[in-house]
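J.: Next up, structure-v9.pdb (PDB, C-alpha atoms).
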```
MODEL        1
ATOM      1  CA  MET A  10     130.292  90.821  49.531
ATOM      2  CA  ALA A  11     133.389  89.046  50.843
ATOM      3  CA  LYS A  12     134.133  88.991  54.546
ATOM      4  CA  THR A  13     136.766  91.547  55.517
ATOM      5  CA  THR A  14     139.441  90.839  58.116
ATOM      6  CA  LEU A  15     140.103  93.795  60.404
ATOM      7  CA  ASP A  16     142.982  94.302  62.803
ATOM      8  CA  ALA A  17     142.567  95.511  66.386
ATOM      9  CA  THR A  18     143.109  99.166  65.426
ATOM     10  CA  ASP A  19     140.461  99.021  62.682
ATOM     11  CA  ARG A  20     137.987  97.498  65.154
ATOM     12  CA  LYS A  21     138.814 100.192  67.715
ATOM     13  CA  ILE A  22     138.248 102.916  65.102
ATOM     14  CA  LEU A  23     134.897 101.343  64.181
ATOM     15  CA  ARG A  24     133.823 101.201  67.839
ATOM     16  CA  PHE A  25     134.460 104.937  68.211
ATOM     17  CA  LEU A  26     132.669 105.816  64.959
ATOM     18  CA  ILE A  27     129.683 103.567  65.729
ATOM     19  CA  LYS A  28     129.340 105.223  69.121
ATOM     20  CA  ASN A  29     129.747 108.744  67.705
ATOM     21  CA  ALA A  30     130.149 109.277  63.946
ATOM     22  CA  ARG A  31     130.927 112.946  64.647
ATOM     23  CA  MET A  32     133.940 112.161  66.828
ATOM     24  CA  PRO A  33     136.917 114.169  65.492
ATOM     25  CA  TYR A  34     139.510 112.036  63.706
ATOM     26  CA  LEU A  35     142.310 113.550  65.809
ATOM     27  CA  GLU A  36     140.555 112.423  68.982
ATOM     28  CA  ILE A  37     140.223 108.906  67.553
ATOM     29  CA  ALA A  38     143.921 109.036  66.603
ATOM     30  CA  ARG A  39     144.892 109.950  70.179
ATOM     31  CA  GLU A  40     142.714 107.138  71.588
ATOM     32  CA  CYS A  41     144.248 104.635  69.153
ATOM     33  CA  GLY A  42     147.825 105.864  69.592
ATOM     34  CA  ILE A  43     148.397 106.611  65.901
ATOM     35  CA  SER A  44     148.716 109.758  63.779
ATOM     36  CA  GLY A  45     145.843 111.764  62.367
ATOM     37  CA  ALA A  46     147.031 110.934  58.849
ATOM     38  CA  ALA A  47     146.947 107.219  59.671
ATOM     39  CA  ILE A  48     143.344 107.552  60.913
ATOM     40  CA  HIS A  49     142.325 109.238  57.661
ATOM     41  CA  GLN A  50     144.048 106.485  55.656
ATOM     42  CA  ARG A  51     142.454 103.697  57.685
ATOM     43  CA  ILE A  52     138.960 105.201  57.501
ATOM     44  CA  LYS A  53     139.374 105.701  53.743
ATOM     45  CA  LYS A  54     140.485 102.048  53.451
ATOM     46  CA  LEU A  55     137.439 100.920  55.463
ATOM     47  CA  GLU A  56     135.201 102.968  53.147
ATOM     48  CA  ASP A  57     136.878 101.581  50.013
ATOM     49  CA  MET A  58     136.442  98.000  51.328
ATOM     50  CA  GLY A  59     132.736  98.669  51.922
ATOM     51  CA  VAL A  60     132.975  98.258  55.704
ATOM     52  CA  ILE A  61     131.952 101.866  56.325
ATOM     53  CA  MET A  62     129.062 102.930  54.138
ATOM     54  CA  GLY A  63     128.973 106.608  55.040
ATOM     55  CA  SER A  64     127.582 108.250  58.122
ATOM     56  CA  ARG A  65     124.078 109.488  58.674
ATOM     57  CA  LEU A  66     121.916 111.589  60.857
ATOM     58  CA  VAL A  67     119.308 109.593  62.777
ATOM     59  CA  VAL A  68     115.937 111.304  63.142
ATOM     60  CA  ALA A  69     113.359 110.199  65.732
ATOM     61  CA  PRO A  70     110.229 109.597  63.581
ATOM     62  CA  LYS A  71     107.812 110.238  66.480
ATOM     63  CA  SER A  72     109.338 113.676  67.051
ATOM     64  CA  LEU A  73     108.135 114.599  63.547
ATOM     65  CA  GLY A  74     104.662 113.142  64.024
ATOM     66  CA  PHE A  75     105.221 109.697  62.491
ATOM     67  CA  ASP A  76     103.488 107.782  65.290
ATOM     68  CA  VAL A  77     102.972 104.479  63.443
ATOM     69  CA  CYS A  78     105.815 102.146  62.544
ATOM     70  CA  ALA A  79     104.788  99.048  60.603
ATOM     71  CA  PHE A  80     106.413  96.067  58.954
ATOM     72  CA  ILE A  81     104.678  94.648  55.907
ATOM     73  CA  SER A  82     105.398  91.247  54.391
ATOM     74  CA  ILE A  83     104.831  91.326  50.642
ATOM     75  CA  ARG A  84     104.211  88.396  48.310
ATOM     76  CA  VAL A  85     105.413  89.011  44.758
ATOM     77  CA  SER A  86     103.396  87.366  42.003
ATOM     78  CA  ASP A  87     106.179  87.088  39.408
ATOM     79  CA  LEU A  88     109.602  86.377  40.881
ATOM     80  CA  THR A  89     111.302  87.140  37.566
ATOM     81  CA  ARG A  90     110.110  90.745  37.987
ATOM     82  CA  GLN A  91     110.817  91.028  41.711
ATOM     83  CA  GLN A  92     113.520  93.692  41.228
ATOM     84  CA  ASP A  93     111.034  95.803  39.225
ATOM     85  CA  THR A  94     108.590  95.510  42.139
ATOM     86  CA  VAL A  95     111.305  96.636  44.565
ATOM     87  CA  GLU A  96     112.084  99.674  42.402
ATOM     88  CA  LEU A  97     108.392 100.660  42.410
ATOM     89  CA  LEU A  98     108.224 100.213  46.203
ATOM     90  CA  ARG A  99     111.306 102.456  46.515
ATOM     91  CA  LYS A 100     109.175 105.340  45.165
ATOM     92  CA  ILE A 101     106.780 105.172  48.147
ATOM     93  CA  PRO A 102     108.227 107.724  50.597
ATOM     94  CA  GLU A 103     106.753 106.098  53.710
ATOM     95  CA  ILE A 104     108.888 102.970  53.116
ATOM     96  CA  VAL A 105     112.278 103.350  54.779
ATOM     97  CA  GLU A 106     113.627  99.780  54.406
ATOM     98  CA  CYS A 107     113.050  96.855  52.077
ATOM     99  CA  HIS A 108     114.455  93.354  52.611
ATOM    100  CA  TYR A 109     114.345  90.145  50.601
ATOM    101  CA  ILE A 110     113.156  87.477  53.032
ATOM    102  CA  THR A 111     112.602  83.735  53.258
ATOM    103  CA  GLY A 112     109.275  82.072  53.961
ATOM    104  CA  SER A 113     105.898  82.425  52.312
ATOM    105  CA  TYR A 114     106.489  86.103  51.513
ATOM    106  CA  ASN A 115     109.294  87.517  49.375
ATOM    107  CA  LEU A 116     109.841  91.018  50.764
ATOM    108  CA  MET A 117     109.571  92.809  54.097
ATOM    109  CA  VAL A 118     109.280  96.594  54.212
ATOM    110  CA  LYS A 119     109.448  98.942  57.161
ATOM    111  CA  LEU A 120     107.483 102.149  56.975
ATOM    112  CA  TYR A 121     106.441 105.126  59.059
ATOM    113  CA  CYS A 122     103.048 106.829  58.911
ATOM    114  CA  VAL A 123     101.481 109.635  60.932
ATOM    115  CA  ASP A 124      98.487 107.535  62.014
ATOM    116  CA  ASN A 125      96.522 104.373  61.192
ATOM    117  CA  GLU A 126      94.503 106.189  58.513
ATOM    118  CA  HIS A 127      97.737 107.183  56.774
ATOM    119  CA  LEU A 128      98.959 103.565  57.065
ATOM    120  CA  MET A 129      95.727 102.256  55.538
ATOM    121  CA  ARG A 130      95.962 104.705  52.621
ATOM    122  CA  THR A 131      99.610 103.788  52.064
ATOM    123  CA  ILE A 132      98.770 100.078  51.935
ATOM    124  CA  PHE A 133      95.651 100.302  49.768
ATOM    125  CA  ASP A 134      96.484 103.291  47.562
ATOM    126  CA  HIS A 135     100.181 102.642  47.050
ATOM    127  CA  ILE A 136     101.645  99.264  48.082
ATOM    128  CA  LEU A 137      98.779  97.102  46.811
ATOM    129  CA  GLN A 138      98.737  99.113  43.571
ATOM    130  CA  VAL A 139     102.361  98.251  42.792
ATOM    131  CA  GLN A 140     102.582  95.882  39.843
ATOM    132  CA  GLY A 141     103.771  92.511  41.107
ATOM    133  CA  VAL A 142     102.414  92.785  44.652
ATOM    134  CA  SER A 143      99.887  89.983  45.090
ATOM    135  CA  SER A 144      99.296  90.085  48.870
ATOM    136  CA  THR A 145     100.553  91.633  52.085
ATOM    137  CA  GLN A 146     100.543  91.018  55.801
ATOM    138  CA  THR A 147     100.968  93.977  58.134
ATOM    139  CA  TYR A 148     102.539  94.076  61.590
ATOM    140  CA  ILE A 149     102.270  97.300  63.597
ATOM    141  CA  SER A 150     105.094  98.009  66.014
ATOM    142  CA  LEU A 151     103.738  99.017  69.404
ATOM    143  CA  ASN A 152     107.107 100.267  70.653
ATOM    144  CA  GLU A 153     110.730  99.960  69.570
ATOM    145  CA  SER A 154     112.613  98.366  72.462
ATOM    146  CA  PHE A 155     116.075  99.137  71.134
ATOM    147  CA  GLN A 156     118.094  99.787  68.002
ATOM    148  CA  ARG A 157     121.812  99.402  67.575
ATOM    149  CA  GLU A 158     124.645  98.856  65.154
ATOM    150  CA  ILE A 159     126.523  95.582  64.903
ATOM    151  CA  HIS A 160     128.768  94.511  67.787
ATOM    152  CA  VAL A 161     132.325  95.003  66.501
ATOM    153  CA  ASP A 162     133.947  93.354  69.551
ATOM    154  CA  SER A 163     132.681  89.942  68.408
ATOM    155  CA  LEU A 164     134.845  89.980  65.245
ATOM    156  CA  ASP A 165     137.808  87.618  65.021
ATOM    157  CA  ASP A 166     141.393  88.836  64.737
TER     158      ASP A 166
ENDMDL
END
```
Take the structure in this file and express it as structure tokens.

T.:
Amino acid sequence: MAKTTLDATDRKILRFLIKNARMPYLEIARECGISGAAIHQRIKKLEDMGVIMGSRLVVAPKSLGFDVCAFISIRVSDLTRQQDTVELLRKIPEIVECHYITGSYNLMVKLYCVDNEHLMRTIFDHILQVQGVSSTQTYISLNESFQREIHVDSLDD
């Protein structure tokens, strides 16, 4: 995806939406000193350019009983079929993210499980059964220190 150049107003709009995606557009318009229609047009333009990829509700996994967060490095045996492996991993509901990575492994997944037993079953009964997965290495997160969106203020004019 090509890098997008944003003006100061676009960056200001993004800062408000990153902080609170539910902020009313008219309130953003007042803060930016432009009309409500202009806010709608700018947000639509940011969506069309792929800068904004929707908004989402963030759920705290621990509040629902998912007490184990793990990252698993996965080595794929046949790189020509790596995308097929990713599509099979996508079907495992515990996996919430999948990244292509550099190094001795090819993929890194993030997953949530209710306990270590659930994690073990997910690894052995699901991930290691996926065609193309040749080995894994698991890292259990002890505690998430922080999570945030990108820092819009660091963008150039």

J.: Kindly resolve the PyMOL selection byres ((chain A and resi 80) around 12) on the present coordinates and return the residues as a PyMOL selection string.

T.: chain A and resi 77-79+81-83+103-108+116-122+128+132+145-151

J.: Let's have the selection written as a compact mmCIF listing (two decimals), keeping the file's coordinate frame, with C-alpha atoms.

T.:
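Output (part34.txt):
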```txt
# COMPACT_ATOMS: atom_id res chain seq x y z
CA VAL A 77 102.97 104.48 63.44
CA CYS A 78 105.82 102.15 62.54
CA ALA A 79 104.79 99.05 60.60
CA ILE A 81 104.68 94.65 55.91
CA SER A 82 105.40 91.25 54.39
CA ILE A 83 104.83 91.33 50.64
CA GLU A 103 106.75 106.10 53.71
CA ILE A 104 108.89 102.97 53.12
CA VAL A 105 112.28 103.35 54.78
CA GLU A 106 113.63 99.78 54.41
CA CYS A 107 113.05 96.86 52.08
CA HIS A 108 114.46 93.35 52.61
CA LEU A 116 109.84 91.02 50.76
CA MET A 117 109.57 92.81 54.10
CA VAL A 118 109.28 96.59 54.21
CA LYS A 119 109.45 98.94 57.16
CA LEU A 120 107.48 102.15 56.98
CA TYR A 121 106.44 105.13 59.06
CA CYS A 122 103.05 106.83 58.91
CA LEU A 128 98.96 103.56 57.06
CA ILE A 132 98.77 100.08 51.94
CA THR A 145 100.55 91.63 52.08
CA GLN A 146 100.54 91.02 55.80
CA THR A 147 100.97 93.98 58.13
CA TYR A 148 102.54 94.08 61.59
CA ILE A 149 102.27 97.30 63.60
CA SER A 150 105.09 98.01 66.01
CA LEU A 151 103.74 99.02 69.40
```

J.: With all atoms listed in the file as the atoms that count, which of A:Gly141, A:Pro33, A:Gly63, A:Gly45 lies nearest to Leu97 (chain A)?

T.: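 Smallest separation from Leu97 (chain A) among the options: A:Gly141.
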
J.: Could you check which of A:Val142, A:Val68, A:Ala38, A:Ile22 is closest to Gln92 (chain A), using all atoms listed in the file?

T.: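 Result for the nearest residue to Gln92 (chain A): A:Val142.
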
J.: For the structure provided, state which residues fall under the PyMOL selection byres ((chain A and resi 139) around 12), and present them as an MDAnalysis selection string.

T.: chainID A and resid 83:86 90:91 93:101 131:138 140:145

J.: If I take CA of Arg24 (chain A) and CA of Glu153 (chain A), how far is one from the other in Å, to one decimal?

T.: 23.2 Å

J.: Pick out the closest residue to Leu55 (chain A) from this set: A:Asn152, A:Leu15, A:Ser113, A:Lys71. Count only C-alpha atoms.

T.: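 Residue with the minimum atom-to-atom distance to Leu55 (chain A): A:Leu15.
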
J.: So which residues fall inside 7 Å of (138.7, 110.1, 61.6) if we count only C-alpha atoms? Mind giving them as a PyMOL selection string?

T.: chain A and resi 33-35+37+48-49+52

J.: Show me the residues around (124.3, 99.1, 64.8) - criterion: an atom at most 12 Å away, all atoms listed in the file counted - as a list in words.

T.: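 Residues lying no farther than 12 Å from the given point: Leu23, Arg24, Leu26, Ile27, Lys28, Asn29, Ala30, Ile61, Ser64, Val67, Phe155, Gln156, Arg157, Glu158, Ile159, His160 and Val161 of chain A.
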
J.: Would you put the residues from that selection into a file with C-alpha atoms, as an mmCIF file, in the frame of the given file?

T.:
```
data_model
loop_
_atom_site.group_PDB
_atom_site.id
_atom_site.type_symbol
_atom_site.label_atom_id
_atom_site.label_comp_id
_atom_site.auth_asym_id
_atom_site.auth_seq_id
_atom_site.Cartn_x
_atom_site.Cartn_y
_atom_site.Cartn_z
ATOM 1 C CA LEU A 23 134.897 101.343 64.181
ATOM 2 C CA ARG A 24 133.823 101.201 67.839
ATOM 3 C CA LEU A 26 132.669 105.816 64.959
ATOM 4 C CA ILE A 27 129.683 103.567 65.729
ATOM 5 C CA LYS A 28 129.340 105.223 69.121
ATOM 6 C CA ASN A 29 129.747 108.744 67.705
ATOM 7 C CA ALA A 30 130.149 109.277 63.946
ATOM 8 C CA ILE A 61 131.952 101.866 56.325
ATOM 9 C CA SER A 64 127.582 108.250 58.122
ATOM 10 C CA VAL A 67 119.308 109.593 62.777
ATOM 11 C CA PHE A 155 116.075 99.137 71.134
ATOM 12 C CA GLN A 156 118.094 99.787 68.002
ATOM 13 C CA ARG A 157 121.812 99.402 67.575
ATOM 14 C CA GLU A 158 124.645 98.856 65.154
ATOM 15 C CA ILE A 159 126.523 95.582 64.903
ATOM 16 C CA HIS A 160 128.768 94.511 67.787
ATOM 17 C CA VAL A 161 132.325 95.003 66.501
#
```

J.: Work out how far apart CA of Cys41 (chain A) and CA of Lys21 (chain A) are and give it in Å to one decimal.

T.: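 Pair CA of Cys41 (chain A) / CA of Lys21 (chain A) returns 7.2 Å.
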
J.: What separation in Å, quoted to one decimal, exists between CA of Asp76 (chain A) and CA of Ile110 (chain A)?

T.: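 Going from CA of Asp76 (chain A) over to CA of Ile110 (chain A), I get 25.6 Å.
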
J.: Find, counting only C-alpha atoms, the residue in A:Met129, A:Ala69, A:Val60, A:Thr111 that gets nearest to Thr14 (chain A).

T.: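 Comparing A:Met129, A:Ala69, A:Val60, A:Thr111 against Thr14 (chain A), the winner is A:Val60.
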
J.: Emit as AutoDock Vina command-line options the padded axis-aligned box for all listed atoms of region 46-55 of chain A, 8 Å per side, with centre and edge lengths in Å to one decimal.

T.:
```
--center_x 142.2 --center_y 105.9 --center_z 57.2 --size_x 25.6 --size_y 26.0 --size_z 23.5
```

J.: Rank nothing, just name the residue among A:Lys12, A:Tyr109, A:Arg130, A:Asn115 nearest to Met58 (chain A), using all atoms listed in the file.

T.: A:Lys12

J.: Nearest residue to Ser72 (chain A) out of A:Ala46, A:Val123, A:Met32, A:Ala17, using only C-alpha atoms?

T.: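 Using only C-alpha atoms, Ser72 (chain A) sits closest to A:Val123.
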
J.: Generate the coordinates of N, CA, C and O atoms for region 26-45 of chain A; report them as an mmCIF file, in the coordinates of the input.

T.:
```cif
data_model
loop_
_atom_site.group_PDB
_atom_site.id
_atom_site.type_symbol
_atom_site.label_atom_id
_atom_site.label_comp_id
_atom_site.auth_asym_id
_atom_site.auth_seq_id
_atom_site.Cartn_x
_atom_site.Cartn_y
_atom_site.Cartn_z
ATOM 1 N N LEU A 26 133.564 105.230 65.958
ATOM 2 C CA LEU A 26 132.669 105.816 64.959
ATOM 3 C C LEU A 26 131.236 105.334 65.111
ATOM 4 O O LEU A 26 130.296 106.100 64.869
ATOM 5 N N ILE A 27 131.046 104.074 65.499
ATOM 6 C CA ILE A 27 129.683 103.567 65.729
ATOM 7 C C ILE A 27 129.054 104.293 66.907
ATOM 8 O O ILE A 27 127.883 104.657 66.867
ATOM 9 N N LYS A 28 129.850 104.523 67.935
ATOM 10 C CA LYS A 28 129.340 105.223 69.121
ATOM 11 C C LYS A 28 129.046 106.686 68.828
ATOM 12 O O LYS A 28 128.064 107.244 69.296
ATOM 13 N N ASN A 29 129.915 107.326 68.020
ATOM 14 C CA ASN A 29 129.747 108.744 67.705
ATOM 15 C C ASN A 29 130.407 109.042 66.361
ATOM 16 O O ASN A 29 131.616 109.281 66.298
ATOM 17 N N ALA A 30 129.616 109.049 65.294
ATOM 18 C CA ALA A 30 130.149 109.277 63.946
ATOM 19 C C ALA A 30 130.727 110.681 63.790
ATOM 20 O O ALA A 30 131.466 110.946 62.845
ATOM 21 N N ARG A 31 130.405 111.573 64.710
ATOM 22 C CA ARG A 31 130.927 112.946 64.647
ATOM 23 C C ARG A 31 132.214 113.132 65.441
ATOM 24 O O ARG A 31 132.734 114.237 65.513
ATOM 25 N N MET A 32 132.718 112.062 66.039
ATOM 26 C CA MET A 32 133.940 112.161 66.828
ATOM 27 C C MET A 32 135.082 112.629 65.926
ATOM 28 O O MET A 32 135.300 112.063 64.857
ATOM 29 N N PRO A 33 135.812 113.674 66.330
ATOM 30 C CA PRO A 33 136.917 114.169 65.492
ATOM 31 C C PRO A 33 137.984 113.094 65.271
ATOM 32 O O PRO A 33 138.325 112.344 66.187
ATOM 33 N N TYR A 34 138.499 113.043 64.047
ATOM 34 C CA TYR A 34 139.510 112.036 63.706
ATOM 35 C C TYR A 34 140.749 112.152 64.593
ATOM 36 O O TYR A 34 141.358 111.144 64.942
ATOM 37 N N LEU A 35 141.122 113.390 64.955
ATOM 38 C CA LEU A 35 142.310 113.550 65.809
ATOM 39 C C LEU A 35 142.084 112.961 67.193
ATOM 40 O O LEU A 35 143.007 112.407 67.800
ATOM 41 N N GLU A 36 140.860 113.038 67.687
ATOM 42 C CA GLU A 36 140.555 112.423 68.982
ATOM 43 C C GLU A 36 140.627 110.896 68.871
ATOM 44 O O GLU A 36 141.149 110.230 69.764
ATOM 45 N N ILE A 37 140.125 110.355 67.781
ATOM 46 C CA ILE A 37 140.223 108.906 67.553
ATOM 47 C C ILE A 37 141.698 108.511 67.456
ATOM 48 O O ILE A 37 142.116 107.495 68.030
ATOM 49 N N ALA A 38 142.491 109.320 66.751
ATOM 50 C CA ALA A 38 143.921 109.036 66.603
ATOM 51 C C ALA A 38 144.601 108.972 67.969
ATOM 52 O O ALA A 38 145.380 108.044 68.237
ATOM 53 N N ARG A 39 144.295 109.954 68.829
ATOM 54 C CA ARG A 39 144.892 109.950 70.179
ATOM 55 C C ARG A 39 144.493 108.694 70.941
ATOM 56 O O ARG A 39 145.326 108.060 71.586
ATOM 57 N N GLU A 40 143.207 108.323 70.872
ATOM 58 C CA GLU A 40 142.714 107.138 71.588
ATOM 59 C C GLU A 40 143.346 105.847 71.063
ATOM 60 O O GLU A 40 143.519 104.896 71.805
ATOM 61 N N CYS A 41 143.669 105.838 69.763
ATOM 62 C CA CYS A 41 144.248 104.635 69.153
ATOM 63 C C CYS A 41 145.778 104.635 69.169
ATOM 64 O O CYS A 41 146.405 103.624 68.846
ATOM 65 N N GLY A 42 146.366 105.779 69.531
ATOM 66 C CA GLY A 42 147.825 105.864 69.592
ATOM 67 C C GLY A 42 148.493 105.905 68.224
ATOM 68 O O GLY A 42 149.614 105.419 68.069
ATOM 69 N N ILE A 43 147.810 106.472 67.233
ATOM 70 C CA ILE A 43 148.397 106.611 65.901
ATOM 71 C C ILE A 43 148.180 108.044 65.406
ATOM 72 O O ILE A 43 147.459 108.816 66.028
ATOM 73 N N SER A 44 148.795 108.388 64.291
ATOM 74 C CA SER A 44 148.716 109.758 63.779
ATOM 75 C C SER A 44 147.363 110.053 63.152
ATOM 76 O O SER A 44 146.624 109.142 62.760
ATOM 77 N N GLY A 45 147.068 111.342 63.025
ATOM 78 C CA GLY A 45 145.843 111.764 62.367
ATOM 79 C C GLY A 45 145.802 111.322 60.912
ATOM 80 O O GLY A 45 144.766 110.917 60.392
#
```
